[in-house]
Amino acid sequence: MMLLWLLLSCFGVQAASPARKAPVVLLEAEQFANLGGWLVDQQFMDQMGSPYLLAHGLGEPVRDAETTVQFPAAGKYQVWVRTRDWVAPWKAPGAPGRFKVLVNGKALNTTFGTESAAWHWQDGGTVKVGREAKIALHDLTGFEGRCDAVLFSRDLSFTSPNDLPALAALRREALGLPKAPEDGGSYDLVVGGGGIAGTSAAISAARLGLRVALLQDRPVLGGNNSSEVRVWLNGGINLPPYQQHLDEMKQLMMQGVGRLDIKAAP
Ligand SMILES: [Ca+2]
């Protein structure tokens, strides 16, 4: 048996944790305990720095995303929410991606997703909390509201950076992440991208006896053939000499992160 390790969403969700060194509590939207009807979208993280939650409701507001946050101390906090107005690049009116942030069931005054074409921290005003608070994202439109993160600062004059390198440094510090990526081990071959080509290459290399890591930044494998895009493979599939090839692909697509034992080539 040859080994194929599938490393899914390797830049993805971090466990909820209050700030360690930074004077802030940074809550990544994708780490909410209950995503409700919001979806995690990772496809622009190379441009804006992180996965975010998307309210894809086809015009019907999606269910609230909810989580509970621990604070280092009770008191007043300045709130910043990282979002954007996704129709602003075309100067289209109406800001369709509007949403509210609820703290212990009460909406902050600001309506988010209404300013700026670029990802930015929108001012949410101040809020008083105890050592624990329930936070919710409340979609208003069902038209692709976007929330990357919610930041709480005891220092009411704190301004969260929009500059990506400075923001990345703040994320690492606030989330307790290492400055360098963790060592993922040694492999004979590392394949970047889990579309059909990448997944097939990884399986083929494993069949030939290599120890392979397959990296994918989406929650599923398959690219256009995945459940996200649904342009299914048809025609001459599962033919000799590898009559189980697509069955193995399906197994990979279903199991997510982990290890798949691939039978070596005969
Ligand atoms: Ca995020």
# chains A, B, ... in the order shown; residues from 1 in each chain; ligands from 1

call {"tool": "residues_near_ligand", "arguments": {"ligand": "ligand 1", "cutoff": "9 Å", "atoms": "only C-alpha atoms and all ligand atoms", "output": "MDAnalysis selection string"}}
result
chainID A and resid 12:13 27:31 40 42 45 49:53 82 147:150

call {"tool": "write_last_selection", "arguments": {"atoms": "N, CA and C atoms", "output": "compact mmCIF listing (two decimals), in the first residue's frame"}}
result
# COMPACT_ATOMS: atom_id res chain seq x y z
N GLY A 12 -6.64 27.17 6.67
CA GLY A 12 -8.01 27.49 7.01
C GLY A 12 -8.30 27.83 8.45
N VAL A 13 -9.35 27.25 8.97
CA VAL A 13 -9.98 27.69 10.21
C VAL A 13 -9.08 27.42 11.41
N LEU A 27 -11.86 37.56 16.31
CA LEU A 27 -12.77 36.45 16.05
C LEU A 27 -12.89 36.27 14.54
N GLU A 28 -12.27 35.22 14.01
CA GLU A 28 -12.40 34.94 12.59
C GLU A 28 -13.83 34.46 12.31
N ALA A 29 -14.45 35.00 11.29
CA ALA A 29 -15.84 34.61 11.01
C ALA A 29 -15.95 33.12 10.75
N GLU A 30 -14.93 32.55 10.08
CA GLU A 30 -14.98 31.13 9.73
C GLU A 30 -14.82 30.22 10.94
N GLN A 31 -14.51 30.77 12.11
CA GLN A 31 -14.38 29.94 13.29
C GLN A 31 -15.66 29.96 14.14
N VAL A 40 -18.42 29.17 4.21
CA VAL A 40 -17.01 29.55 4.25
C VAL A 40 -16.50 29.65 2.81
N GLN A 42 -13.04 30.46 0.65
CA GLN A 42 -11.59 30.58 0.80
C GLN A 42 -10.90 31.04 -0.48
N MET A 45 -8.46 34.17 -0.45
CA MET A 45 -7.61 34.43 0.70
C MET A 45 -6.19 34.83 0.30
N GLY A 49 -6.33 37.73 2.47
CA GLY A 49 -5.64 37.31 3.67
C GLY A 49 -6.27 36.24 4.53
N SER A 50 -7.53 35.84 4.25
CA SER A 50 -8.19 34.90 5.16
C SER A 50 -9.45 34.36 4.50
N PRO A 51 -9.91 33.18 4.91
CA PRO A 51 -11.27 32.78 4.53
C PRO A 51 -12.29 33.74 5.14
N TYR A 52 -13.46 33.79 4.56
CA TYR A 52 -14.51 34.64 5.11
C TYR A 52 -15.85 33.93 5.00
N LEU A 53 -16.86 34.45 5.67
CA LEU A 53 -18.21 33.90 5.57
C LEU A 53 -19.01 34.67 4.53
N ARG A 82 -14.38 43.27 9.56
CA ARG A 82 -13.72 43.31 8.24
C ARG A 82 -14.68 42.80 7.17
N CYS A 147 -18.21 38.60 5.55
CA CYS A 147 -17.57 38.97 6.82
C CYS A 147 -16.33 38.11 7.01
N ASP A 148 -15.19 38.78 7.10
CA ASP A 148 -13.92 38.08 7.33
C ASP A 148 -13.67 37.85 8.80
N ALA A 149 -13.89 38.88 9.62
CA ALA A 149 -13.54 38.77 11.04
C ALA A 149 -14.20 39.89 11.82
N VAL A 150 -14.29 39.68 13.12
CA VAL A 150 -14.77 40.70 14.04
C VAL A 150 -13.68 40.89 15.09

call {"tool": "closest_atom_pairs", "arguments": {"of": "range 46-103 of chain A", "to": "range 159-170 of chain A", "cutoff": "12 Å", "atoms": "only C-alpha atoms", "output": "Markdown table"}}
result
| residue | atom | partner | partner_atom | distance |
| --- | --- | --- | --- | --- |
| A:Asp46 | CA | A:Leu164 | CA | 10.3 |
| A:Gln47 | CA | A:Leu164 | CA | 8.9 |
| A:Met48 | CA | A:Leu164 | CA | 7.2 |
| A:Gly49 | CA | A:Leu164 | CA | 6.8 |
| A:Ser50 | CA | A:Ala168 | CA | 9.0 |
| A:Gln78 | CA | A:Thr159 | CA | 9.2 |
| A:Val79 | CA | A:Thr159 | CA | 9.8 |
| A:Trp80 | CA | A:Ser160 | CA | 7.5 |
| A:Val81 | CA | A:Ser160 | CA | 9.6 |
| A:Arg82 | CA | A:Asn162 | CA | 9.0 |
| A:Thr83 | CA | A:Asn162 | CA | 10.9 |
| A:Arg84 | CA | A:Asn162 | CA | 11.8 |

call {"tool": "atom_distance", "arguments": {"atom1": "CA of Leu215 in chain A", "atom2": "CA of Gly198 in chain A"}}
result
8.9 Å

call {"tool": "closest_residue", "arguments": {"among": "A:Leu246, A:Ile196, A:Leu156, A:Leu214", "to": "Gly75 in chain A", "atoms": "only C-alpha atoms"}}
result
A:Leu156

call {"tool": "select_by_dssp", "arguments": {"residues": "range 116-242 of chain A", "states": "strand (DSSP E)", "output": "ChimeraX atom specification"}}
result
/A:120-129,132-139,143-147,149-153,189-192,212-216

call {"tool": "write_last_selection", "arguments": {"atoms": "C-alpha atoms", "output": "PDB file, in the first residue's frame"}}
result
ATOM      1  CA  HIS A 120     -11.468  46.996   5.186  1.00  0.00           C
ATOM      2  CA  TRP A 121     -12.312  47.253   8.868  1.00  0.00           C
ATOM      3  CA  GLN A 122     -15.695  48.925   9.248  1.00  0.00           C
ATOM      4  CA  ASP A 123     -16.270  50.789  12.502  1.00  0.00           C
ATOM      5  CA  GLY A 124     -18.822  48.986  14.680  1.00  0.00           C
ATOM      6  CA  GLY A 125     -18.773  51.472  17.566  1.00  0.00           C
ATOM      7  CA  THR A 126     -18.393  50.369  21.163  1.00  0.00           C
ATOM      8  CA  VAL A 127     -20.100  47.656  23.164  1.00  0.00           C
ATOM      9  CA  LYS A 128     -20.082  46.554  26.807  1.00  0.00           C
ATOM     10  CA  VAL A 129     -19.579  42.848  27.489  1.00  0.00           C
ATOM     11  CA  GLU A 132     -18.295  35.943  27.778  1.00  0.00           C
ATOM     12  CA  ALA A 133     -20.622  37.082  24.995  1.00  0.00           C
ATOM     13  CA  LYS A 134     -22.701  35.508  22.281  1.00  0.00           C
ATOM     14  CA  ILE A 135     -21.865  36.935  18.865  1.00  0.00           C
ATOM     15  CA  ALA A 136     -24.028  36.517  15.757  1.00  0.00           C
ATOM     16  CA  LEU A 137     -23.846  37.568  12.117  1.00  0.00           C
ATOM     17  CA  HIS A 138     -27.326  38.542  10.964  1.00  0.00           C
ATOM     18  CA  ASP A 139     -27.748  38.680   7.185  1.00  0.00           C
ATOM     19  CA  PHE A 143     -27.161  38.681  -1.567  1.00  0.00           C
ATOM     20  CA  GLU A 144     -23.581  37.704  -0.741  1.00  0.00           C
ATOM     21  CA  GLY A 145     -22.827  39.638   2.444  1.00  0.00           C
ATOM     22  CA  ARG A 146     -19.197  39.022   3.393  1.00  0.00           C
ATOM     23  CA  CYS A 147     -17.572  38.967   6.820  1.00  0.00           C
ATOM     24  CA  ALA A 149     -13.541  38.768  11.039  1.00  0.00           C
ATOM     25  CA  VAL A 150     -14.773  40.699  14.044  1.00  0.00           C
ATOM     26  CA  LEU A 151     -12.248  42.441  16.269  1.00  0.00           C
ATOM     27  CA  PHE A 152     -12.787  43.732  19.811  1.00  0.00           C
ATOM     28  CA  SER A 153     -10.313  46.132  21.390  1.00  0.00           C
ATOM     29  CA  LEU A 189       6.079  14.480  -4.288  1.00  0.00           C
ATOM     30  CA  VAL A 190       3.866  17.404  -3.287  1.00  0.00           C
ATOM     31  CA  VAL A 191       0.994  18.239  -5.630  1.00  0.00           C
ATOM     32  CA  GLY A 192      -0.515  21.729  -5.424  1.00  0.00           C
ATOM     33  CA  VAL A 212       2.613  11.986  -1.835  1.00  0.00           C
ATOM     34  CA  ALA A 213       0.988  15.043  -0.264  1.00  0.00           C
ATOM     35  CA  LEU A 214      -1.916  16.633  -2.109  1.00  0.00           C
ATOM     36  CA  LEU A 215      -2.612  20.247  -1.137  1.00  0.00           C
ATOM     37  CA  GLN A 216      -6.026  21.784  -1.688  1.00  0.00           C
TER      38      GLN A 216
END

call {"tool": "atom_distance", "arguments": {"atom1": "CA of Thr111 in chain A", "atom2": "CA of Pro96 in chain A"}}
result
11.4 Å

call {"tool": "atom_distance", "arguments": {"atom1": "CA of Leu208 in chain A", "atom2": "CA of Gly223 in chain A"}}
result
23.7 Å

call {"tool": "select_by_dssp", "arguments": {"residues": "range 13-137 of chain A", "states": "helix (DSSP H, G or I)", "output": "list in words"}}
result
Ala29, Glu30, Gln31, Met45, Asp46, Gln47, Met48, Ala88, Pro89 and Trp90 of chain A

call {"tool": "residues_around", "arguments": {"residues": "range 86-90 of chain A", "least_positions_apart": "6", "cutoff": "8 Å", "atoms": "only C-alpha atoms", "output": "PyMOL selection string"}}
result
chain A and resi 96-97+113+115-117

call {"tool": "closest_residue", "arguments": {"among": "A:Gly142, A:Asp188, A:Ala33, A:Ala73", "to": "Leu54 in chain A", "atoms": "only C-alpha atoms"}}
result
A:Gly142

call {"tool": "residues_around", "arguments": {"residues": "Arg154 in chain A", "least_positions_apart": "5", "cutoff": "7 Å", "atoms": "only C-alpha atoms", "output": "ChimeraX atom specification"}}
result
/A:23-24,76-78

call {"tool": "closest_residue", "arguments": {"among": "A:Leu140, A:Val25, A:Ile203, A:Ala118", "to": "Glu60 in chain A", "atoms": "only C-alpha atoms"}}
result
A:Leu140

call {"tool": "decode", "arguments": {"residues": "range 109-253 of chain A", "atoms": "C-alpha atoms", "output": "CSV table (one decimal), in the first residue's frame"}}
result
chain,number,residue,atom,x,y,z
A,109,ASN,CA,-25.9,50.3,15.3
A,110,THR,CA,-23.7,49.9,12.2
A,111,THR,CA,-25.0,48.1,9.1
A,112,PHE,CA,-22.0,46.3,7.7
A,113,GLY,CA,-21.0,45.7,4.0
A,114,THR,CA,-22.0,49.2,3.0
A,115,GLU,CA,-18.6,50.9,2.6
A,116,SER,CA,-15.7,50.6,0.2
A,117,ALA,CA,-15.0,48.2,-2.7
A,118,ALA,CA,-11.8,47.0,-0.9
A,119,TRP,CA,-11.7,44.7,2.1
A,120,HIS,CA,-11.5,47.0,5.2
A,121,TRP,CA,-12.3,47.3,8.9
A,122,GLN,CA,-15.7,48.9,9.2
A,123,ASP,CA,-16.3,50.8,12.5
A,124,GLY,CA,-18.8,49.0,14.7
A,125,GLY,CA,-18.8,51.5,17.6
A,126,THR,CA,-18.4,50.4,21.2
A,127,VAL,CA,-20.1,47.7,23.2
A,128,LYS,CA,-20.1,46.6,26.8
A,129,VAL,CA,-19.6,42.8,27.5
A,130,GLY,CA,-18.9,40.5,30.4
A,131,ARG,CA,-16.2,37.8,30.3
A,132,GLU,CA,-18.3,35.9,27.8
A,133,ALA,CA,-20.6,37.1,25.0
A,134,LYS,CA,-22.7,35.5,22.3
A,135,ILE,CA,-21.9,36.9,18.9
A,136,ALA,CA,-24.0,36.5,15.8
A,137,LEU,CA,-23.8,37.6,12.1
A,138,HIS,CA,-27.3,38.5,11.0
A,139,ASP,CA,-27.7,38.7,7.2
A,140,LEU,CA,-30.2,41.3,5.9
A,141,THR,CA,-30.3,40.5,2.2
A,142,GLY,CA,-29.3,37.0,1.1
A,143,PHE,CA,-27.2,38.7,-1.6
A,144,GLU,CA,-23.6,37.7,-0.7
A,145,GLY,CA,-22.8,39.6,2.4
A,146,ARG,CA,-19.2,39.0,3.4
A,147,CYS,CA,-17.6,39.0,6.8
A,148,ASP,CA,-13.9,38.1,7.3
A,149,ALA,CA,-13.5,38.8,11.0
A,150,VAL,CA,-14.8,40.7,14.0
A,151,LEU,CA,-12.2,42.4,16.3
A,152,PHE,CA,-12.8,43.7,19.8
A,153,SER,CA,-10.3,46.1,21.4
A,154,ARG,CA,-10.1,47.3,25.0
A,155,ASP,CA,-8.1,50.3,23.7
A,156,LEU,CA,-11.0,52.3,22.3
A,157,SER,CA,-8.5,54.3,20.1
A,158,PHE,CA,-7.1,51.1,18.5
A,159,THR,CA,-7.4,51.0,14.7
A,160,SER,CA,-7.0,47.7,13.0
A,161,PRO,CA,-4.6,47.7,10.0
A,162,ASN,CA,-5.9,47.4,6.4
A,163,ASP,CA,-2.4,46.8,5.1
A,164,LEU,CA,-2.1,43.1,4.5
A,165,PRO,CA,1.4,42.4,5.9
A,166,ALA,CA,0.5,44.3,9.1
A,167,LEU,CA,-2.9,42.5,9.3
A,168,ALA,CA,-1.2,39.1,8.8
A,169,ALA,CA,1.2,40.0,11.7
A,170,LEU,CA,-1.8,41.0,13.9
A,171,ARG,CA,-3.6,37.8,13.0
A,172,ARG,CA,-0.6,35.6,14.0
A,173,GLU,CA,-0.2,37.4,17.3
A,174,ALA,CA,-3.9,37.6,18.2
A,175,LEU,CA,-4.6,33.9,17.3
A,176,GLY,CA,-1.3,32.6,18.8
A,177,LEU,CA,-0.2,31.3,15.4
A,178,PRO,CA,3.5,30.5,14.7
A,179,LYS,CA,5.4,33.1,12.6
A,180,ALA,CA,6.5,30.3,10.2
A,181,PRO,CA,4.3,27.5,8.9
A,182,GLU,CA,4.4,24.2,10.8
A,183,ASP,CA,6.6,21.5,9.2
A,184,GLY,CA,4.3,19.2,7.3
A,185,GLY,CA,6.8,16.4,6.9
A,186,SER,CA,8.8,15.0,4.0
A,187,TYR,CA,7.3,13.6,0.8
A,188,ASP,CA,8.6,12.3,-2.5
A,189,LEU,CA,6.1,14.5,-4.3
A,190,VAL,CA,3.9,17.4,-3.3
A,191,VAL,CA,1.0,18.2,-5.6
A,192,GLY,CA,-0.5,21.7,-5.4
A,193,GLY,CA,-4.2,21.8,-6.3
A,194,GLY,CA,-6.8,19.1,-5.9
A,195,GLY,CA,-8.7,19.4,-9.2
A,196,ILE,CA,-9.0,16.4,-11.4
A,197,ALA,CA,-5.5,16.8,-12.8
A,198,GLY,CA,-3.9,17.3,-9.4
A,199,THR,CA,-5.8,14.5,-7.8
A,200,SER,CA,-5.1,12.1,-10.6
A,201,ALA,CA,-1.4,13.0,-10.6
A,202,ALA,CA,-1.3,12.4,-6.8
A,203,ILE,CA,-3.0,9.0,-7.1
A,204,SER,CA,-0.8,8.0,-10.0
A,205,ALA,CA,2.3,8.9,-8.2
A,206,ALA,CA,1.2,7.0,-5.1
A,207,ARG,CA,0.5,4.0,-7.3
A,208,LEU,CA,4.1,4.3,-8.6
A,209,GLY,CA,5.4,4.0,-5.0
A,210,LEU,CA,5.9,7.6,-4.0
A,211,ARG,CA,4.8,9.1,-0.7
A,212,VAL,CA,2.6,12.0,-1.8
A,213,ALA,CA,1.0,15.0,-0.3
A,214,LEU,CA,-1.9,16.6,-2.1
A,215,LEU,CA,-2.6,20.2,-1.1
A,216,GLN,CA,-6.0,21.8,-1.7
A,217,ASP,CA,-7.4,25.1,-0.5
A,218,ARG,CA,-11.1,24.3,-1.1
A,219,PRO,CA,-13.3,22.2,1.3
A,220,VAL,CA,-13.8,19.6,-1.4
A,221,LEU,CA,-11.7,18.0,-4.2
A,222,GLY,CA,-12.4,17.9,-7.8
A,223,GLY,CA,-12.3,21.4,-9.2
A,224,ASN,CA,-14.9,21.8,-11.9
A,225,ASN,CA,-15.8,18.2,-11.2
A,226,SER,CA,-16.5,18.9,-7.5
A,227,SER,CA,-19.8,19.3,-5.8
A,228,GLU,CA,-19.1,23.0,-5.8
A,229,VAL,CA,-19.1,23.4,-9.6
A,230,ARG,CA,-20.7,20.1,-10.7
A,231,VAL,CA,-19.4,19.7,-14.2
A,232,TRP,CA,-19.1,16.0,-13.9
A,233,LEU,CA,-16.7,13.7,-15.7
A,234,ASN,CA,-18.4,11.6,-18.3
A,235,GLY,CA,-17.4,9.3,-21.1
A,236,GLY,CA,-14.5,6.8,-20.9
A,237,ILE,CA,-13.9,6.6,-17.2
A,238,ASN,CA,-13.0,3.6,-15.0
A,239,LEU,CA,-11.3,1.9,-17.9
A,240,PRO,CA,-8.4,-0.5,-17.8
A,241,PRO,CA,-5.7,-0.5,-16.6
A,242,TYR,CA,-7.2,1.4,-13.6
A,243,GLN,CA,-10.8,0.4,-13.5
A,244,GLN,CA,-11.3,1.7,-10.0
A,245,HIS,CA,-9.7,5.1,-10.7
A,246,LEU,CA,-12.9,7.2,-10.4
A,247,ASP,CA,-14.1,5.2,-7.4
A,248,GLU,CA,-10.9,6.2,-5.6
A,249,MET,CA,-11.4,9.8,-6.7
A,250,LYS,CA,-14.9,9.7,-5.2
A,251,GLN,CA,-13.5,8.2,-2.0
A,252,LEU,CA,-11.0,11.0,-1.7
A,253,MET,CA,-13.7,13.6,-2.4
